[in-house]
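What follows is one structure encoded as structure tokens, with my remarks underneath.
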There are 2 protein chains.
Amino acid sequence: MKSTTDPGPRILTLRQGILKKNDQEAARLRYLFHSAGIFVVNIVSGPGTGKTRFLEATLKRLLENGFPSAAFVGDPETENDAIRLKRSGAPVRQILTRGVCHLEATMISSQLSGWNLEEFKFLFIENVGNLVCTSNYDLGENLRVVMLSVTEGEDKPLKYPGLFNSADISIITKCDLAKACECDLDLAKKNLHSVRPNIQIFETSAKTGFGIDSFIEYLLASRQEFIKNME
Amino acid sequence: MKSTTDPGPRILTLRQGILKKNDQEAARLRYLFHSAGIFVVNIVSGPGTGKTRFLEATLKRLLENGFPSAAFVGDPETENDAIRLKRSGAPVRQILTRGVCHLEATMISSQLSGWNLEEFKFLFIENVGNLVCTSNYDLGENLRVVMLSVTEGEDKPLKYPGLFNSADISIITKCDLAKACECDLDLAKKNLHSVRPNIQIFETSAKTGFGIDSFIEYLLASRQEFIKNME
């Protein structure tokens with residue numbers, strides 16, 4: 001979003017206007033999701049951290065446990081991720097941003113038609129792989145999850161604090177590769193906590209299934225809390 | 001940069017204005033670099049593909065071979081990468097974008113003072129880790145290199161064609177991890193070529209040194225061509 005080439009007051013005002021409009025649409029979405037009793041999770045990370053594979057495992061597990069869920073997946077191009085996610089048995093819609101580096105609330109609202117939200121317990125939104133631009137756009141979610149892969153370096157939270165600080169919980173992915181990638185997991189967790197003190201961290205591997213149960217438990221408990229607050 | 005929330009003609013005009021100003025500054029930089037006989041390389045990729053480690057090895061090798069070079073490195077926050085790159089013996093300057101998702105030509109020009117460009121044979125610019133937003137900003141470079149890591153999935157060129165299509169050559173990094181990450185290198189190369197037909201691809205590992213020589217040879221030949229064209 002931001003640019004430093006002579007931004008000037010005109011552009012700053014327009015930027016604020018874009019974000020304000022997004023916030024208004026996100027508030028409308030949040031009300032809609034709340035009314036339908038659907039718990040919404042926005043997943044953000046850099047490209048290639050394993051969002052799709054992790055989400056496929058999560059959707060499958062939730063369906064098996066009697067919690068049918070749906071998903072959106074955003075990418076600049078290709079329907080590949082929606083095709084992969086549909087293997088879980090969940091309804092999935094691809095949002096093609098056509099070069100835009102993040103999802104916005106209007107992209108979600110314009111793709112909801114034909115879905116009866118009350119049939120779903122969870123809605124997942126897999127955002128575009130981007131550690132900067134996704135942080136400013138509220139999508140009406142209940143929970144923002146930031147993923148950090150062991151393959152991309154322990155320093156990412158320090159270099160991209162805006163996004164990591166905007167998240168509610170963090171998932172470290174591809175833990176089965178930690179040794180091969182010489183990733184220092186303690187350092188990764190220390191860096192996450194230095195940017196976002198006390199953030200809950202799930203260490204996982206979608207390949208081996210490690211840590212998925214804990215995350216599912218957390219999701220179910222969070223949804224229960226959400227339902228309780230609705231009453 | 002782009003947003004789809006009611007862009008409207010005003011914002012489109014401003015966007016074009018930002019890019020036009022950047023192009024003008026990049027043209028000024030290109031003239032400056034050309035006059036100094038310095039060959040400039042802009043390295044783009046997602047976060048965590050190993051740009052810094054690869055560049056450290058490249059700078060060291062060039063210095064050993066009598067080609068002293070300098071580097072800029074852009075990050076939203078932290079001086080970590082400049083500290084790492086300085087271990088190569090090259091002069092390095094960190095550009096902190098403070099949340100901006102890409103480097104712009106003015107960020108380069110404002111950091112050049114005090115450097116005598118004629119002392120250097122190459123100038124490397126390690127861009128912010130971002131597969132979308134870096135593609136639109138010319139930095140006055142001679143060569144744009146896009147990196148793809150074996151850890152991030154073979155599909156990235158297809159999902160982010162804008163950036164991969166803007167590059168002159170491509171480097172596949174962390175090839176030592178290809179097997180552990182179950183990366184299909186042939187598929188990665190096929191995807192690169194489907195987005196950017198005939199793009200030259202270097203398979204490398206900064207950890208083992210694999211492929212670095214070929215890249216250095218390519219750099220030296222490209223610089224020789226550039227010098228020949230100056231005469």
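Naming scheme: A, B, ... for chains in displayed order of the structure tokens; residues 1 onward per chain; ligands 1 onward as shown.
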Per DSSP on the backbone, what are the helix (DSSP H, G or I) residues of chain B, as a VMD selection string? chain B and resid 8 to 36 51 to 64 80 to 86 105 to 109 117 to 119 133 to 136 156 to 159 161 to 166 175 to 177 185 to 195 212 to 230
According to DSSP computed on the backbone, where in segment 71-225 of chain B is there strand (DSSP E)? Give the residues as a ChimeraX atom specification. /B:71-75,92-96,122-126,143-149,169-173,200-203
Pick out the residues sitting within 10 Å of segment 228-231 of chain B, and hand them over as JSON, numbers by chain; count only C-alpha atoms, and ignore anything fewer than 2 positions along from it in its own chain. {"B": [34, 35, 37, 222, 223, 224, 225, 226]}
Pull out every residue of chain B that has at least one atom within 9 Å of chain A, counting only C-alpha atoms, and report them as a VMD selection string. chain B and resid 1 to 7 11 14 18 to 19 21 to 22 46 to 50 75 to 80 97 99 to 102 104 to 107 129 to 133 151 to 153 155 to 156 158 to 162 177 180 to 181
Write out as a PDB file with N, CA, C and O atoms, in the first residue's frame which residues come within 12 Å of Glu119 of chain A when counting only C-alpha atoms, dropping same-chain ones fewer than 2 positions away.
ATOM      1  N   PHE A  33     -21.231 -12.462   9.875  1.00  0.00           N
ATOM      2  CA  PHE A  33     -20.657 -13.727  10.349  1.00  0.00           C
ATOM      3  C   PHE A  33     -21.181 -14.046  11.755  1.00  0.00           C
ATOM      4  O   PHE A  33     -21.534 -15.183  12.060  1.00  0.00           O
ATOM      5  N   ALA A  36     -24.625 -15.359  11.786  1.00  0.00           N
ATOM      6  CA  ALA A  36     -24.719 -16.732  11.283  1.00  0.00           C
ATOM      7  C   ALA A  36     -24.047 -17.729  12.219  1.00  0.00           C
ATOM      8  O   ALA A  36     -24.089 -18.938  11.969  1.00  0.00           O
ATOM      9  N   GLY A  37     -23.400 -17.226  13.266  1.00  0.00           N
ATOM     10  CA  GLY A  37     -22.712 -18.116  14.207  1.00  0.00           C
ATOM     11  C   GLY A  37     -21.507 -18.817  13.605  1.00  0.00           C
ATOM     12  O   GLY A  37     -21.141 -19.926  13.999  1.00  0.00           O
ATOM     13  N   ILE A  38     -20.865 -18.173  12.655  1.00  0.00           N
ATOM     14  CA  ILE A  38     -19.683 -18.766  12.002  1.00  0.00           C
ATOM     15  C   ILE A  38     -18.421 -18.070  12.513  1.00  0.00           C
ATOM     16  O   ILE A  38     -18.372 -16.842  12.603  1.00  0.00           O
ATOM     17  N   PHE A  39     -17.441 -18.882  12.876  1.00  0.00           N
ATOM     18  CA  PHE A  39     -16.182 -18.360  13.433  1.00  0.00           C
ATOM     19  C   PHE A  39     -15.178 -18.213  12.291  1.00  0.00           C
ATOM     20  O   PHE A  39     -14.901 -19.180  11.568  1.00  0.00           O
ATOM     21  N   GLY A  66     -17.234 -33.401  12.813  1.00  0.00           N
ATOM     22  CA  GLY A  66     -18.593 -32.860  12.817  1.00  0.00           C
ATOM     23  C   GLY A  66     -18.677 -31.337  12.800  1.00  0.00           C
ATOM     24  O   GLY A  66     -19.670 -30.760  13.253  1.00  0.00           O
ATOM     25  N   PHE A  67     -17.616 -30.688  12.285  1.00  0.00           N
ATOM     26  CA  PHE A  67     -17.636 -29.228  12.189  1.00  0.00           C
ATOM     27  C   PHE A  67     -17.409 -28.804  10.732  1.00  0.00           C
ATOM     28  O   PHE A  67     -16.307 -28.382  10.362  1.00  0.00           O
ATOM     29  N   PRO A  68     -18.451 -28.933   9.892  1.00  0.00           N
ATOM     30  CA  PRO A  68     -18.277 -28.568   8.485  1.00  0.00           C
ATOM     31  C   PRO A  68     -17.875 -27.105   8.347  1.00  0.00           C
ATOM     32  O   PRO A  68     -18.427 -26.235   9.026  1.00  0.00           O
ATOM     33  N   SER A  69     -16.902 -26.856   7.502  1.00  0.00           N
ATOM     34  CA  SER A  69     -16.340 -25.513   7.373  1.00  0.00           C
ATOM     35  C   SER A  69     -16.108 -25.184   5.911  1.00  0.00           C
ATOM     36  O   SER A  69     -16.114 -26.080   5.064  1.00  0.00           O
ATOM     37  N   ALA A  70     -15.887 -23.911   5.632  1.00  0.00           N
ATOM     38  CA  ALA A  70     -15.644 -23.473   4.255  1.00  0.00           C
ATOM     39  C   ALA A  70     -14.388 -22.612   4.228  1.00  0.00           C
ATOM     40  O   ALA A  70     -13.869 -22.222   5.279  1.00  0.00           O
ATOM     41  N   ALA A  90     -14.293 -29.791   1.878  1.00  0.00           N
ATOM     42  CA  ALA A  90     -14.947 -28.520   2.221  1.00  0.00           C
ATOM     43  C   ALA A  90     -15.231 -27.703   0.963  1.00  0.00           C
ATOM     44  O   ALA A  90     -14.504 -27.819  -0.028  1.00  0.00           O
ATOM     45  N   PRO A  91     -16.298 -26.888   0.978  1.00  0.00           N
ATOM     46  CA  PRO A  91     -16.503 -25.948  -0.133  1.00  0.00           C
ATOM     47  C   PRO A  91     -15.432 -24.844  -0.074  1.00  0.00           C
ATOM     48  O   PRO A  91     -15.172 -24.289   1.000  1.00  0.00           O
ATOM     49  N   GLY A 114     -24.703 -17.358  -2.520  1.00  0.00           N
ATOM     50  CA  GLY A 114     -24.951 -18.773  -2.779  1.00  0.00           C
ATOM     51  C   GLY A 114     -24.514 -19.678  -1.632  1.00  0.00           C
ATOM     52  O   GLY A 114     -24.879 -20.843  -1.601  1.00  0.00           O
ATOM     53  N   TRP A 115     -23.724 -19.132  -0.704  1.00  0.00           N
ATOM     54  CA  TRP A 115     -23.332 -19.920   0.470  1.00  0.00           C
ATOM     55  C   TRP A 115     -24.301 -19.625   1.611  1.00  0.00           C
ATOM     56  O   TRP A 115     -24.565 -18.444   1.901  1.00  0.00           O
ATOM     57  N   ASN A 116     -24.800 -20.678   2.238  1.00  0.00           N
ATOM     58  CA  ASN A 116     -25.596 -20.481   3.446  1.00  0.00           C
ATOM     59  C   ASN A 116     -24.653 -20.590   4.645  1.00  0.00           C
ATOM     60  O   ASN A 116     -24.284 -21.687   5.062  1.00  0.00           O
ATOM     61  N   LEU A 117     -24.245 -19.432   5.165  1.00  0.00           N
ATOM     62  CA  LEU A 117     -23.195 -19.411   6.199  1.00  0.00           C
ATOM     63  C   LEU A 117     -23.576 -20.208   7.441  1.00  0.00           C
ATOM     64  O   LEU A 117     -22.705 -20.722   8.144  1.00  0.00           O
ATOM     65  N   LYS A 121     -19.439 -24.119  10.493  1.00  0.00           N
ATOM     66  CA  LYS A 121     -19.004 -23.763  11.843  1.00  0.00           C
ATOM     67  C   LYS A 121     -17.819 -22.801  11.799  1.00  0.00           C
ATOM     68  O   LYS A 121     -17.652 -21.965  12.680  1.00  0.00           O
ATOM     69  N   PHE A 122     -16.977 -22.973  10.785  1.00  0.00           N
ATOM     70  CA  PHE A 122     -15.798 -22.116  10.624  1.00  0.00           C
ATOM     71  C   PHE A 122     -15.695 -21.656   9.170  1.00  0.00           C
ATOM     72  O   PHE A 122     -16.062 -22.398   8.251  1.00  0.00           O
ATOM     73  N   LEU A 123     -15.181 -20.453   8.990  1.00  0.00           N
ATOM     74  CA  LEU A 123     -14.805 -19.988   7.652  1.00  0.00           C
ATOM     75  C   LEU A 123     -13.335 -19.577   7.723  1.00  0.00           C
ATOM     76  O   LEU A 123     -12.955 -18.751   8.562  1.00  0.00           O
TER      77      LEU A 123
END
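The residue that comes closest to His193 of chain A, out of A:Cys175, A:Ile108, A:Ile169, A:Ala206 and on the basis of only C-alpha atoms, is A:Ile169.
Atom pair atom CA of Leu185 of chain A / atom CA of Arg53 of chain A has a distance of 20.6 Å (rounded to one decimal).
Atom CA of Asn198 of chain B sits 19.7 Å away from atom CA of Asn42 of chain B.
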Smallest atom-to-atom distance to Leu143 of chain B: which of B:Val40, B:Ala27, B:Ile212, B:Leu112, using only C-alpha atoms? B:Val40
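Near Glu64 of chain A, within a cut-off of 12 Å and counting only C-alpha atoms, sit the residues A:Ala57, A:Thr58, A:Leu59, A:Ser69, A:Ser88, A:Gly89, A:Ala90, A:Ile216, with same-chain residues fewer than 5 positions away left out.
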Using N, CA and C atoms, can you write the selected residues to a file as a JSON list (two decimals), in the first residue's frame?
[["chain", "number", "residue", "atom", "x", "y", "z"],
["A", 57, "ALA", "N", -5.35, -29.92, 5.93],
["A", 57, "ALA", "CA", -5.39, -30.86, 7.07],
["A", 57, "ALA", "C", -6.42, -30.41, 8.11],
["A", 58, "THR", "N", -6.48, -29.11, 8.35],
["A", 58, "THR", "CA", -7.41, -28.56, 9.35],
["A", 58, "THR", "C", -8.87, -28.76, 8.92],
["A", 59, "LEU", "N", -9.16, -28.44, 7.65],
["A", 59, "LEU", "CA", -10.54, -28.58, 7.13],
["A", 59, "LEU", "C", -11.00, -30.03, 7.21],
["A", 69, "SER", "N", -16.90, -26.86, 7.50],
["A", 69, "SER", "CA", -16.34, -25.51, 7.37],
["A", 69, "SER", "C", -16.11, -25.18, 5.91],
["A", 88, "SER", "N", -10.14, -31.67, 0.74],
["A", 88, "SER", "CA", -10.53, -31.88, 2.14],
["A", 88, "SER", "C", -12.01, -32.19, 2.28],
["A", 89, "GLY", "N", -12.78, -31.94, 1.20],
["A", 89, "GLY", "CA", -14.23, -32.14, 1.26],
["A", 89, "GLY", "C", -15.00, -30.87, 1.57],
["A", 90, "ALA", "N", -14.29, -29.79, 1.88],
["A", 90, "ALA", "CA", -14.95, -28.52, 2.22],
["A", 90, "ALA", "C", -15.23, -27.70, 0.96],
["A", 216, "ILE", "N", -6.53, -27.68, 16.55],
["A", 216, "ILE", "CA", -7.97, -27.96, 16.42],
["A", 216, "ILE", "C", -8.66, -27.72, 17.77]]
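What separates atom CA of Thr204 of chain B from atom CA of Phe54 of chain A is a distance of 28.1 Å.
Distance annotation: of A:Thr52, A:Ser166, A:Asn65, A:Lys60, the residue with the minimal separation from Ile83 of chain A is A:Thr52; atom set is only C-alpha atoms.
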Using only C-alpha atoms, which residue out of B:Tyr31, B:Phe202, B:Tyr137, B:Phe124 lies closest to Leu62 of chain B? B:Phe124
Tell me which protein, DNA and RNA residues are within 8 Å of Ser170 of chain A, counting only C-alpha atoms, leaving out same-chain ones fewer than 3 positions away, and put them as a VMD selection string. chain A and resid 145 to 148 167 199 to 202
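Restricting the calculation to only C-alpha atoms, the smallest distance between Arg28 of chain A and any of A:Lys51, A:Glu217, A:Gly140, A:Val41 is found for A:Gly140.
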